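S.K.: I'm passing along work.txt; it holds compact mmCIF, N, CA and C atoms.
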# COMPACT_ATOMS: atom_id res chain seq x y z
N MET X 1 35.80 -11.94 0.06
CA MET X 1 35.47 -10.69 -0.58
C MET X 1 34.38 -10.00 0.25
N SER X 2 34.62 -8.77 0.64
CA SER X 2 33.65 -8.06 1.47
C SER X 2 32.67 -7.28 0.59
N ARG X 3 31.44 -7.22 1.06
CA ARG X 3 30.42 -6.46 0.35
C ARG X 3 30.53 -4.99 0.73
N LYS X 4 30.24 -4.13 -0.22
CA LYS X 4 30.23 -2.71 0.06
C LYS X 4 28.99 -2.38 0.89
N THR X 5 29.14 -1.40 1.77
CA THR X 5 27.98 -0.90 2.51
C THR X 5 27.76 0.55 2.11
N TYR X 6 26.51 0.95 2.09
CA TYR X 6 26.11 2.26 1.63
C TYR X 6 25.34 2.98 2.73
N CYS X 7 25.40 4.30 2.71
CA CYS X 7 24.64 5.12 3.65
C CYS X 7 23.16 5.07 3.24
N SER X 8 22.27 4.87 4.20
CA SER X 8 20.84 4.81 3.90
C SER X 8 20.26 6.17 3.56
N TYR X 9 20.93 7.25 3.91
CA TYR X 9 20.40 8.59 3.66
C TYR X 9 20.82 9.12 2.30
N CYS X 10 22.12 9.14 2.03
CA CYS X 10 22.60 9.75 0.80
C CYS X 10 22.90 8.72 -0.29
N GLY X 11 23.04 7.46 0.06
CA GLY X 11 23.28 6.42 -0.92
C GLY X 11 24.74 6.26 -1.31
N ARG X 12 25.64 7.02 -0.71
CA ARG X 12 27.06 6.91 -1.06
C ARG X 12 27.69 5.70 -0.37
N VAL X 13 28.83 5.27 -0.91
CA VAL X 13 29.60 4.23 -0.26
C VAL X 13 29.99 4.73 1.12
N ARG X 14 29.96 3.84 2.11
CA ARG X 14 30.16 4.23 3.50
C ARG X 14 31.39 5.11 3.71
N GLN X 15 32.50 4.80 3.04
CA GLN X 15 33.73 5.56 3.24
C GLN X 15 33.61 6.99 2.70
N ARG X 16 32.73 7.24 1.74
CA ARG X 16 32.58 8.58 1.15
C ARG X 16 31.42 9.36 1.75
N CYS X 17 30.65 8.75 2.61
CA CYS X 17 29.49 9.40 3.22
C CYS X 17 29.94 10.49 4.18
N ALA X 18 29.27 11.64 4.09
CA ALA X 18 29.59 12.75 4.99
C ALA X 18 28.39 13.13 5.86
N CYS X 19 27.39 12.25 5.96
CA CYS X 19 26.18 12.56 6.73
C CYS X 19 26.48 12.78 8.21
N HIS X 20 27.54 12.19 8.72
CA HIS X 20 27.87 12.33 10.14
C HIS X 20 28.62 13.63 10.44
N GLN X 21 29.08 14.33 9.41
CA GLN X 21 29.82 15.59 9.61
C GLN X 21 28.88 16.68 10.12
N PRO X 22 29.36 17.56 11.01
CA PRO X 22 28.49 18.61 11.58
C PRO X 22 27.99 19.62 10.56
N ASP X 23 28.66 19.78 9.41
CA ASP X 23 28.23 20.75 8.41
C ASP X 23 27.49 20.11 7.24
N SER X 24 27.07 18.85 7.37
CA SER X 24 26.39 18.15 6.29
C SER X 24 24.91 18.53 6.22
N ALA X 25 24.28 18.20 5.09
CA ALA X 25 22.84 18.44 4.93
C ALA X 25 22.06 17.64 5.95
N MET X 26 22.52 16.44 6.26
CA MET X 26 21.83 15.60 7.25
C MET X 26 21.86 16.26 8.62
N ALA X 27 22.98 16.83 9.00
CA ALA X 27 23.10 17.50 10.30
C ALA X 27 22.19 18.74 10.35
N ARG X 28 22.14 19.51 9.25
CA ARG X 28 21.26 20.68 9.22
C ARG X 28 19.80 20.27 9.28
N PHE X 29 19.43 19.19 8.60
CA PHE X 29 18.05 18.73 8.59
C PHE X 29 17.63 18.25 9.98
N THR X 30 18.46 17.44 10.62
CA THR X 30 18.10 16.93 11.95
C THR X 30 18.09 18.04 12.99
N ALA X 31 18.93 19.06 12.82
CA ALA X 31 18.97 20.17 13.78
C ALA X 31 17.69 21.00 13.72
N ARG X 32 17.12 21.17 12.53
CA ARG X 32 15.88 21.94 12.40
C ARG X 32 14.73 21.27 13.15
N GLY X 33 14.71 19.95 13.17
CA GLY X 33 13.63 19.25 13.83
C GLY X 33 14.03 18.68 15.18
N ARG X 34 15.27 18.97 15.59
CA ARG X 34 15.80 18.46 16.85
C ARG X 34 15.70 16.93 16.92
N LYS X 35 16.09 16.30 15.82
CA LYS X 35 16.08 14.84 15.74
C LYS X 35 17.51 14.33 15.90
N ALA X 36 17.63 13.12 16.34
CA ALA X 36 18.95 12.51 16.50
C ALA X 36 19.38 11.85 15.19
N TYR X 37 20.64 11.97 14.86
CA TYR X 37 21.19 11.27 13.69
C TYR X 37 21.56 9.86 14.11
N ILE X 38 21.00 8.91 13.43
CA ILE X 38 21.30 7.50 13.71
C ILE X 38 21.90 6.92 12.43
N PRO X 39 23.19 6.56 12.45
CA PRO X 39 23.80 6.04 11.23
C PRO X 39 23.18 4.70 10.82
N LEU X 40 22.67 4.65 9.60
CA LEU X 40 22.09 3.43 9.06
C LEU X 40 22.81 3.07 7.78
N ARG X 41 23.03 1.80 7.57
CA ARG X 41 23.72 1.32 6.38
C ARG X 41 22.86 0.33 5.63
N ARG X 42 23.09 0.22 4.34
CA ARG X 42 22.43 -0.78 3.50
C ARG X 42 23.48 -1.47 2.65
N HIS X 43 23.15 -2.64 2.15
CA HIS X 43 24.12 -3.43 1.38
C HIS X 43 23.90 -3.30 -0.13
N SER X 44 22.91 -2.55 -0.55
CA SER X 44 22.70 -2.31 -1.97
C SER X 44 22.52 -0.81 -2.19
N HIS X 45 22.98 -0.34 -3.33
CA HIS X 45 22.85 1.08 -3.61
C HIS X 45 21.45 1.39 -4.14
N TYR X 46 21.09 2.66 -4.12
CA TYR X 46 19.82 3.08 -4.68
C TYR X 46 19.89 3.01 -6.19
N LYS X 47 18.74 3.00 -6.81
CA LYS X 47 18.68 2.97 -8.26
C LYS X 47 19.42 4.18 -8.82
N ARG X 48 20.27 3.94 -9.78
CA ARG X 48 21.06 5.02 -10.36
C ARG X 48 20.60 5.32 -11.77
N ALA X 49 20.87 6.52 -12.21
CA ALA X 49 20.62 6.94 -13.58
C ALA X 49 19.18 6.69 -14.00
N VAL X 50 18.24 7.31 -13.27
CA VAL X 50 16.84 7.23 -13.66
C VAL X 50 16.68 8.01 -14.96
N PRO X 51 16.12 7.39 -16.00
CA PRO X 51 16.00 8.07 -17.30
C PRO X 51 15.16 9.34 -17.19
N PRO X 52 15.50 10.37 -17.97
CA PRO X 52 14.77 11.64 -17.91
C PRO X 52 13.28 11.49 -18.22
N GLN X 53 12.92 10.53 -19.07
CA GLN X 53 11.51 10.33 -19.41
C GLN X 53 10.72 9.91 -18.17
N ILE X 54 11.32 9.08 -17.34
CA ILE X 54 10.64 8.62 -16.13
C ILE X 54 10.54 9.77 -15.12
N LYS X 55 11.62 10.54 -14.97
CA LYS X 55 11.58 11.70 -14.08
C LYS X 55 10.47 12.66 -14.51
N GLN X 56 10.38 12.92 -15.81
CA GLN X 56 9.37 13.84 -16.32
C GLN X 56 7.97 13.28 -16.06
N ARG X 57 7.77 11.99 -16.29
CA ARG X 57 6.46 11.37 -16.06
C ARG X 57 6.06 11.48 -14.59
N GLU X 58 7.00 11.23 -13.68
CA GLU X 58 6.70 11.30 -12.25
C GLU X 58 6.39 12.73 -11.81
N ARG X 59 7.09 13.70 -12.36
CA ARG X 59 6.81 15.10 -12.01
C ARG X 59 5.45 15.54 -12.55
N GLN X 60 5.07 15.06 -13.75
CA GLN X 60 3.75 15.37 -14.30
C GLN X 60 2.66 14.75 -13.43
N THR X 61 2.87 13.53 -12.96
CA THR X 61 1.90 12.88 -12.08
C THR X 61 1.74 13.69 -10.80
N LEU X 62 2.85 14.17 -10.26
CA LEU X 62 2.79 14.98 -9.03
C LEU X 62 2.02 16.27 -9.28
N ARG X 63 2.30 16.97 -10.37
CA ARG X 63 1.59 18.21 -10.67
C ARG X 63 0.09 17.98 -10.83
N LYS X 64 -0.27 16.89 -11.50
CA LYS X 64 -1.67 16.59 -11.76
C LYS X 64 -2.45 16.31 -10.47
N ASN X 65 -1.84 15.64 -9.51
CA ASN X 65 -2.51 15.23 -8.28
C ASN X 65 -2.12 16.05 -7.06
N TYR X 66 -1.37 17.14 -7.23
CA TYR X 66 -0.78 17.88 -6.11
C TYR X 66 -1.83 18.31 -5.09
N ARG X 67 -2.87 18.98 -5.54
CA ARG X 67 -3.87 19.53 -4.62
C ARG X 67 -4.57 18.42 -3.84
N LEU X 68 -4.97 17.35 -4.53
CA LEU X 68 -5.65 16.24 -3.88
C LEU X 68 -4.76 15.58 -2.83
N TRP X 69 -3.51 15.29 -3.20
CA TRP X 69 -2.59 14.64 -2.26
C TRP X 69 -2.26 15.56 -1.09
N HIS X 70 -2.12 16.85 -1.35
CA HIS X 70 -1.83 17.81 -0.27
C HIS X 70 -2.97 17.79 0.74
N GLU X 71 -4.21 17.82 0.27
CA GLU X 71 -5.38 17.79 1.16
C GLU X 71 -5.43 16.49 1.96
N GLN X 72 -5.14 15.37 1.32
CA GLN X 72 -5.16 14.08 2.01
C GLN X 72 -4.08 14.00 3.09
N LEU X 73 -2.88 14.49 2.80
CA LEU X 73 -1.80 14.48 3.79
C LEU X 73 -2.11 15.42 4.95
N VAL X 74 -2.71 16.57 4.66
CA VAL X 74 -3.10 17.50 5.74
C VAL X 74 -4.15 16.85 6.63
N ALA X 75 -5.09 16.12 6.03
CA ALA X 75 -6.14 15.46 6.81
C ALA X 75 -5.55 14.38 7.73
N VAL X 76 -4.54 13.68 7.27
CA VAL X 76 -3.96 12.59 8.06
C VAL X 76 -2.95 13.10 9.09
N TYR X 77 -2.01 13.98 8.67
CA TYR X 77 -0.91 14.38 9.52
C TYR X 77 -1.03 15.80 10.08
N GLY X 78 -2.03 16.55 9.65
CA GLY X 78 -2.16 17.92 10.11
C GLY X 78 -1.38 18.87 9.22
N GLU X 79 -1.65 20.15 9.36
CA GLU X 79 -1.00 21.15 8.51
C GLU X 79 0.27 21.67 9.16
N ARG X 80 1.25 20.78 9.28
CA ARG X 80 2.54 21.09 9.88
C ARG X 80 3.64 20.37 9.12
N CYS X 81 4.83 20.94 9.19
CA CYS X 81 6.01 20.28 8.62
C CYS X 81 6.28 19.01 9.42
N ALA X 82 6.51 17.91 8.73
CA ALA X 82 6.75 16.64 9.41
C ALA X 82 8.08 16.63 10.17
N ASN X 83 8.98 17.54 9.84
CA ASN X 83 10.28 17.58 10.51
C ASN X 83 10.29 18.60 11.65
N CYS X 84 10.02 19.86 11.35
CA CYS X 84 10.19 20.91 12.37
C CYS X 84 8.88 21.42 12.96
N GLY X 85 7.75 21.11 12.34
CA GLY X 85 6.47 21.52 12.87
C GLY X 85 6.00 22.89 12.40
N GLU X 86 6.74 23.53 11.52
CA GLU X 86 6.36 24.84 11.00
C GLU X 86 5.07 24.72 10.19
N ARG X 87 4.25 25.79 10.19
CA ARG X 87 2.97 25.76 9.49
C ARG X 87 2.98 26.51 8.17
N ASP X 88 4.00 27.27 7.87
CA ASP X 88 4.04 28.10 6.66
C ASP X 88 4.80 27.40 5.54
N LYS X 89 4.41 27.73 4.31
CA LYS X 89 5.11 27.29 3.09
C LYS X 89 5.28 25.77 3.03
N LEU X 90 4.22 25.01 3.24
CA LEU X 90 4.29 23.55 3.18
C LEU X 90 4.29 23.07 1.73
N VAL X 91 5.13 22.10 1.44
CA VAL X 91 5.21 21.51 0.11
C VAL X 91 5.22 19.99 0.25
N LEU X 92 4.86 19.32 -0.84
CA LEU X 92 4.94 17.86 -0.85
C LEU X 92 6.38 17.45 -1.14
N ASP X 93 6.87 16.49 -0.38
CA ASP X 93 8.24 16.00 -0.54
C ASP X 93 8.19 14.50 -0.76
N HIS X 94 9.01 14.02 -1.69
CA HIS X 94 9.14 12.58 -1.91
C HIS X 94 10.07 12.01 -0.84
N VAL X 95 9.61 10.99 -0.11
CA VAL X 95 10.46 10.32 0.87
C VAL X 95 11.64 9.70 0.13
N MET X 96 11.35 8.88 -0.87
CA MET X 96 12.37 8.33 -1.77
C MET X 96 12.36 9.23 -3.00
N PRO X 97 13.37 10.08 -3.20
CA PRO X 97 13.37 11.04 -4.30
C PRO X 97 13.23 10.38 -5.67
N ILE X 98 12.66 11.10 -6.60
CA ILE X 98 12.50 10.61 -7.97
C ILE X 98 13.86 10.26 -8.55
N ALA X 99 14.88 11.04 -8.23
CA ALA X 99 16.23 10.81 -8.76
C ALA X 99 16.82 9.49 -8.29
N LYS X 100 16.28 8.93 -7.19
CA LYS X 100 16.77 7.64 -6.69
C LYS X 100 15.78 6.52 -6.95
N GLY X 101 14.82 6.77 -7.84
CA GLY X 101 13.88 5.73 -8.22
C GLY X 101 12.54 5.77 -7.51
N GLY X 102 12.28 6.82 -6.73
CA GLY X 102 11.00 6.95 -6.04
C GLY X 102 9.88 7.31 -6.99
N LEU X 103 8.65 6.98 -6.62
CA LEU X 103 7.50 7.24 -7.46
C LEU X 103 6.64 8.35 -6.85
N SER X 104 5.86 9.00 -7.70
CA SER X 104 4.92 10.01 -7.24
C SER X 104 3.62 9.31 -6.87
N LYS X 105 3.59 8.77 -5.66
CA LYS X 105 2.41 8.11 -5.11
C LYS X 105 2.21 8.64 -3.70
N LEU X 106 0.99 8.57 -3.22
CA LEU X 106 0.66 9.12 -1.91
C LEU X 106 1.49 8.49 -0.79
N ASP X 107 1.79 7.20 -0.90
CA ASP X 107 2.55 6.55 0.17
C ASP X 107 4.04 6.88 0.14
N ASN X 108 4.49 7.67 -0.84
CA ASN X 108 5.89 8.09 -0.92
C ASN X 108 6.01 9.60 -0.68
N LEU X 109 4.96 10.24 -0.18
CA LEU X 109 4.97 11.68 0.00
C LEU X 109 4.81 12.05 1.47
N GLN X 110 5.37 13.20 1.84
CA GLN X 110 5.21 13.76 3.18
C GLN X 110 5.17 15.27 3.05
N LEU X 111 4.61 15.94 4.04
CA LEU X 111 4.56 17.40 4.06
C LEU X 111 5.79 17.94 4.79
N LEU X 112 6.55 18.79 4.11
CA LEU X 112 7.68 19.48 4.72
C LEU X 112 7.57 20.96 4.39
N CYS X 113 8.11 21.81 5.25
CA CYS X 113 8.19 23.23 4.91
C CYS X 113 9.26 23.38 3.82
N SER X 114 9.22 24.48 3.11
CA SER X 114 10.16 24.64 2.00
C SER X 114 11.61 24.65 2.48
N SER X 115 11.87 25.13 3.70
CA SER X 115 13.24 25.15 4.23
C SER X 115 13.75 23.72 4.46
N CYS X 116 12.95 22.90 5.14
CA CYS X 116 13.35 21.52 5.40
C CYS X 116 13.48 20.73 4.10
N ASN X 117 12.58 20.99 3.16
CA ASN X 117 12.63 20.29 1.88
C ASN X 117 13.90 20.65 1.12
N GLY X 118 14.30 21.91 1.17
CA GLY X 118 15.53 22.33 0.50
C GLY X 118 16.77 21.72 1.13
N ILE X 119 16.77 21.61 2.44
CA ILE X 119 17.91 21.01 3.13
C ILE X 119 17.96 19.51 2.88
N LYS X 120 16.79 18.86 2.90
CA LYS X 120 16.72 17.40 2.72
C LYS X 120 17.27 17.00 1.35
N GLY X 121 16.90 17.73 0.31
CA GLY X 121 17.41 17.44 -1.02
C GLY X 121 17.14 16.01 -1.44
N LYS X 122 18.19 15.26 -1.79
CA LYS X 122 18.04 13.88 -2.24
C LYS X 122 18.20 12.85 -1.12
N LEU X 123 18.25 13.31 0.13
CA LEU X 123 18.36 12.35 1.23
C LEU X 123 17.06 11.57 1.36
N VAL X 124 17.15 10.34 1.81
CA VAL X 124 15.98 9.49 1.99
C VAL X 124 15.64 9.47 3.47
N ILE X 125 14.67 10.31 3.87
CA ILE X 125 14.28 10.43 5.27
C ILE X 125 12.76 10.46 5.34
N ASP X 126 12.19 9.56 6.14
CA ASP X 126 10.74 9.48 6.30
C ASP X 126 10.37 10.03 7.68
N CYS X 127 9.79 11.22 7.73
CA CYS X 127 9.39 11.83 9.00
C CYS X 127 7.94 11.56 9.34
N ARG X 128 7.21 10.86 8.50
CA ARG X 128 5.80 10.59 8.77
C ARG X 128 5.62 9.66 9.95
N ALA X 129 6.56 8.77 10.18
CA ALA X 129 6.45 7.81 11.28
C ALA X 129 6.37 8.52 12.62
N GLU X 130 7.03 9.67 12.74
CA GLU X 130 6.99 10.42 14.00
C GLU X 130 5.57 10.83 14.33
N HIS X 131 4.82 11.28 13.34
CA HIS X 131 3.44 11.71 13.58
C HIS X 131 2.57 10.52 13.95
N ASP X 132 2.80 9.37 13.36
CA ASP X 132 2.05 8.16 13.71
C ASP X 132 2.33 7.78 15.15
N ASP X 133 3.61 7.87 15.57
CA ASP X 133 3.97 7.54 16.96
C ASP X 133 3.31 8.51 17.93
N LYS X 134 3.25 9.81 17.58
CA LYS X 134 2.66 10.80 18.48
C LYS X 134 1.17 10.57 18.65
N ARG X 135 0.50 10.10 17.57
CA ARG X 135 -0.92 9.81 17.68
C ARG X 135 -1.16 8.64 18.64
N GLN X 136 -0.27 7.64 18.60
CA GLN X 136 -0.45 6.46 19.43
C GLN X 136 -0.07 6.72 20.88
N SER X 137 1.03 7.42 21.11
CA SER X 137 1.45 7.70 22.48
C SER X 137 1.80 9.17 22.60
N ALA X 138 0.89 9.96 23.09
CA ALA X 138 1.09 11.41 23.18
C ALA X 138 2.22 11.73 24.15
N GLY X 139 3.05 12.71 23.76
CA GLY X 139 4.11 13.18 24.63
C GLY X 139 5.45 12.52 24.44
N SER X 140 5.51 11.38 23.79
CA SER X 140 6.81 10.72 23.63
C SER X 140 7.52 11.28 22.41
N GLN X 141 8.84 11.47 22.51
CA GLN X 141 9.61 11.98 21.39
C GLN X 141 10.21 10.82 20.63
N SER X 142 10.17 10.90 19.31
CA SER X 142 10.79 9.87 18.48
C SER X 142 11.56 10.55 17.37
N THR X 143 12.34 9.80 16.66
CA THR X 143 13.13 10.36 15.57
C THR X 143 12.52 10.00 14.25
N CYS X 144 12.88 10.76 13.21
CA CYS X 144 12.43 10.41 11.88
C CYS X 144 12.98 9.05 11.51
N LYS X 145 12.23 8.34 10.70
CA LYS X 145 12.68 7.01 10.27
C LYS X 145 13.50 7.20 8.99
N GLN X 146 14.77 6.88 9.07
CA GLN X 146 15.62 6.98 7.91
C GLN X 146 15.63 5.63 7.22
N THR X 147 15.28 5.62 5.92
CA THR X 147 15.20 4.35 5.20
C THR X 147 16.29 4.22 4.19
Show me this structure written as structure tokens.

M.R.:
Amino acid sequence: MSRKTYCSYCGRVRQRCACHQPDSAMARFTARGRKAYIPLRRHSHYKRAVPPQIKQRERQTLRKNYRLWHEQLVAVYGERCANCGERDKLVLDHVMPIAKGGLSKLDNLQLLCSSCNGIKGKLVIDCRAEHDDKRQSAGSQSTCKQT
């Protein structure tokens, strides 16, 4: 009996995943930041059917701490979009979306411009690693870490 494999970005079963298609949200997101798409698979699906009470609690936590977390992320990563580098309309984005079981905590947040955040949607993409790599070795290009 073979185990199902799932896409690490959208969480769909591998056969139904469209992240590799040129017109997919993943393709649009990587094109904005000039990142390479690297197909990653996982053997377990993301948490499904997060109860509305938990979603509401996580969104309230985000609203309550938004300004503080925004300032902390700007201090660490700079006032730029983690994907494309744009400086306008920055918003906090959950690396692991609330809808897939992510929490509103500082270690699950990244700064994205509103355009990149809208394209990313429920995809699980961590672009913070790129900024860490740039701090360690200036000039080298890396891709976002897809988890």

S.K.: May I have the residues within 8 Å of Tyr6 in chain X as a PyMOL selection string, using all atoms listed in the file and disregarding those fewer than 3 positions away in the same chain?

M.R.: chain X and resi 3+9-15+17+40-46

S.K.: One number please: CA of Lys120 in chain X to CA of Asp88 in chain X, in Å, one decimal.

M.R.: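 We find that CA of Lys120 in chain X and CA of Asp88 in chain X lie 17.1 Å from each other.
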
S.K.: Within 8 Å of range 23-30 of chain X, which residues of range 59-127 of chain X show up? Give each one with its shortest atom-to-atom distance in Å (one decimal) and the two atoms involved, counting all atoms listed in the file, rows by chain then rising residue number, as JSON lines.

M.R.:
{"residue": "X:Asn83", "atom": "CA", "partner": "X:Phe29", "partner_atom": "C", "distance": 7.4}
{"residue": "X:Cys84", "atom": "N", "partner": "X:Phe29", "partner_atom": "C", "distance": 7.9}
{"residue": "X:Ser115", "atom": "C", "partner": "X:Phe29", "partner_atom": "CA", "distance": 7.8}
{"residue": "X:Cys116", "atom": "CA", "partner": "X:Phe29", "partner_atom": "CA", "distance": 6.3}
{"residue": "X:Gly118", "atom": "C", "partner": "X:Ala25", "partner_atom": "CA", "distance": 7.9}
{"residue": "X:Ile119", "atom": "C", "partner": "X:Ala25", "partner_atom": "CA", "distance": 5.4}
{"residue": "X:Lys120", "atom": "N", "partner": "X:Phe29", "partner_atom": "CA", "distance": 5.8}
{"residue": "X:Gly121", "atom": "N", "partner": "X:Ala25", "partner_atom": "CA", "distance": 7.6}
{"residue": "X:Leu123", "atom": "CA", "partner": "X:Met26", "partner_atom": "CA", "distance": 7.7}

S.K.: Rounded to one decimal place, report the CA of Gln53 in chain X-atom N of Ser104 in chain X distance in Å.

M.R.: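 Computing it gives 13.1 Å between the two atoms.
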
S.K.: Which residue, X:Val91, X:Ala49, X:Cys7, X:Ile54, has the smallest gap to His70 in chain X when you use only N, CA and C atoms?

M.R.: X:Val91

S.K.: Just the number, please: distance in Å from atom N of Tyr66 in chain X to atom N of Leu109 in chain X, one decimal.

M.R.: 11.7 Å

S.K.: Write out as a list in words the set of residues from chain X that DSSP, computed on the backbone, places in strand (DSSP E or B).

M.R.: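 Here are the strand (DSSP E or B) residues of chain X: Tyr6, Cys7, Val13, Arg41, Arg42, Leu90, Val91, Leu92, Asp93, His94, Leu109, Gln110, Leu111, Leu112, Cys113, Ile125, Asp126, Lys145 and Gln146 of chain X.
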
S.K.: Determine the nearest neighbour of Val74 in chain X from the options X:Ile38, X:Leu62, X:Val50, X:Leu111, counting all atoms listed in the file.

M.R.: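 Under the stated criterion, the closest residue is X:Leu111.
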
S.K.: For the structure I just gave you, how does DSSP split range 35-130 of chain X - specifically, which residues are alpha helix (DSSP H)? Reply as a short mmCIF file (atom, residue, chain, number, x, y, z; two decimals) with N, CA and C atoms, in the coordinates of the input.

M.R.:
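Listed below is the output, out_18.cif:
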data_model
loop_
_atom_site.label_atom_id
_atom_site.label_comp_id
_atom_site.auth_asym_id
_atom_site.auth_seq_id
_atom_site.Cartn_x
_atom_site.Cartn_y
_atom_site.Cartn_z
N PRO X 52 15.50 10.37 -17.97
CA PRO X 52 14.77 11.64 -17.91
C PRO X 52 13.28 11.49 -18.22
N GLN X 53 12.92 10.53 -19.07
CA GLN X 53 11.51 10.33 -19.41
C GLN X 53 10.72 9.91 -18.17
N ILE X 54 11.32 9.08 -17.34
CA ILE X 54 10.64 8.62 -16.13
C ILE X 54 10.54 9.77 -15.12
N LYS X 55 11.62 10.54 -14.97
CA LYS X 55 11.58 11.70 -14.08
C LYS X 55 10.47 12.66 -14.51
N GLN X 56 10.38 12.92 -15.81
CA GLN X 56 9.37 13.84 -16.32
C GLN X 56 7.97 13.28 -16.06
N ARG X 57 7.77 11.99 -16.29
CA ARG X 57 6.46 11.37 -16.06
C ARG X 57 6.06 11.48 -14.59
N GLU X 58 7.00 11.23 -13.68
CA GLU X 58 6.70 11.30 -12.25
C GLU X 58 6.39 12.73 -11.81
N ARG X 59 7.09 13.70 -12.36
CA ARG X 59 6.81 15.10 -12.01
C ARG X 59 5.45 15.54 -12.55
N GLN X 60 5.07 15.06 -13.75
CA GLN X 60 3.75 15.37 -14.30
C GLN X 60 2.66 14.75 -13.43
N THR X 61 2.87 13.53 -12.96
CA THR X 61 1.90 12.88 -12.08
C THR X 61 1.74 13.69 -10.80
N LEU X 62 2.85 14.17 -10.26
CA LEU X 62 2.79 14.98 -9.03
C LEU X 62 2.02 16.27 -9.28
N ARG X 63 2.30 16.97 -10.37
CA ARG X 63 1.59 18.21 -10.67
C ARG X 63 0.09 17.98 -10.83
N LYS X 64 -0.27 16.89 -11.50
CA LYS X 64 -1.67 16.59 -11.76
C LYS X 64 -2.45 16.31 -10.47
N ASN X 65 -1.84 15.64 -9.51
CA ASN X 65 -2.51 15.23 -8.28
C ASN X 65 -2.12 16.05 -7.06
N TYR X 66 -1.37 17.14 -7.23
CA TYR X 66 -0.78 17.88 -6.11
C TYR X 66 -1.83 18.31 -5.09
N ARG X 67 -2.87 18.98 -5.54
CA ARG X 67 -3.87 19.53 -4.62
C ARG X 67 -4.57 18.42 -3.84
N LEU X 68 -4.97 17.35 -4.53
CA LEU X 68 -5.65 16.24 -3.88
C LEU X 68 -4.76 15.58 -2.83
N TRP X 69 -3.51 15.29 -3.20
CA TRP X 69 -2.59 14.64 -2.26
C TRP X 69 -2.26 15.56 -1.09
N HIS X 70 -2.12 16.85 -1.35
CA HIS X 70 -1.83 17.81 -0.27
C HIS X 70 -2.97 17.79 0.74
N GLU X 71 -4.21 17.82 0.27
CA GLU X 71 -5.38 17.79 1.16
C GLU X 71 -5.43 16.49 1.96
N GLN X 72 -5.14 15.37 1.32
CA GLN X 72 -5.16 14.08 2.01
C GLN X 72 -4.08 14.00 3.09
N LEU X 73 -2.88 14.49 2.80
CA LEU X 73 -1.80 14.48 3.79
C LEU X 73 -2.11 15.42 4.95
N VAL X 74 -2.71 16.57 4.66
CA VAL X 74 -3.10 17.50 5.74
C VAL X 74 -4.15 16.85 6.63
N ALA X 75 -5.09 16.12 6.03
CA ALA X 75 -6.14 15.46 6.81
C ALA X 75 -5.55 14.38 7.73
N VAL X 76 -4.54 13.68 7.27
CA VAL X 76 -3.96 12.59 8.06
C VAL X 76 -2.95 13.10 9.09
N TYR X 77 -2.01 13.98 8.67
CA TYR X 77 -0.91 14.38 9.52
C TYR X 77 -1.03 15.80 10.08
N SER X 114 9.22 24.48 3.11
CA SER X 114 10.16 24.64 2.00
C SER X 114 11.61 24.65 2.48
N SER X 115 11.87 25.13 3.70
CA SER X 115 13.24 25.15 4.23
C SER X 115 13.75 23.72 4.46
N CYS X 116 12.95 22.90 5.14
CA CYS X 116 13.35 21.52 5.40
C CYS X 116 13.48 20.73 4.10
N ASN X 117 12.58 20.99 3.16
CA ASN X 117 12.63 20.29 1.88
C ASN X 117 13.90 20.65 1.12
N GLY X 118 14.30 21.91 1.17
CA GLY X 118 15.53 22.33 0.50
C GLY X 118 16.77 21.72 1.13
N ILE X 119 16.77 21.61 2.44
CA ILE X 119 17.91 21.01 3.13
C ILE X 119 17.96 19.51 2.88
N LYS X 120 16.79 18.86 2.90
CA LYS X 120 16.72 17.40 2.72
C LYS X 120 17.27 17.00 1.35
N ARG X 128 7.21 10.86 8.50
CA ARG X 128 5.80 10.59 8.77
C ARG X 128 5.62 9.66 9.95
N ALA X 129 6.56 8.77 10.18
CA ALA X 129 6.45 7.81 11.28
C ALA X 129 6.37 8.52 12.62
N GLU X 130 7.03 9.67 12.74
CA GLU X 130 6.99 10.42 14.00
C GLU X 130 5.57 10.83 14.33
#

S.K.: For each of X:Asp126, X:Arg67, X:Gln21, X:Ile98, take the minimum atom-to-atom distance to Ser8 in chain X, counting only C-alpha atoms, then give the residue where this is smallest.

M.R.: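 The shortest atom-to-atom distance to Ser8 in chain X comes from X:Asp126.
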
S.K.: May I have the centre and edge lengths, in Å to one decimal, of an axis-aligned box around the listed atoms of range 112-125 of chain X with 6 Å added to every side, as AutoDock Vina command-line options?

M.R.:
--center_x 12.5 --center_y 17.3 --center_z 1.6 --size_x 23.8 --size_y 27.7 --size_z 19.6

S.K.: Here is a test: counting only C-alpha atoms, which residue of X:Leu92, X:His20, X:Arg128, X:Gln60 is nearest to Cys113 in chain X?

M.R.: X:Leu92
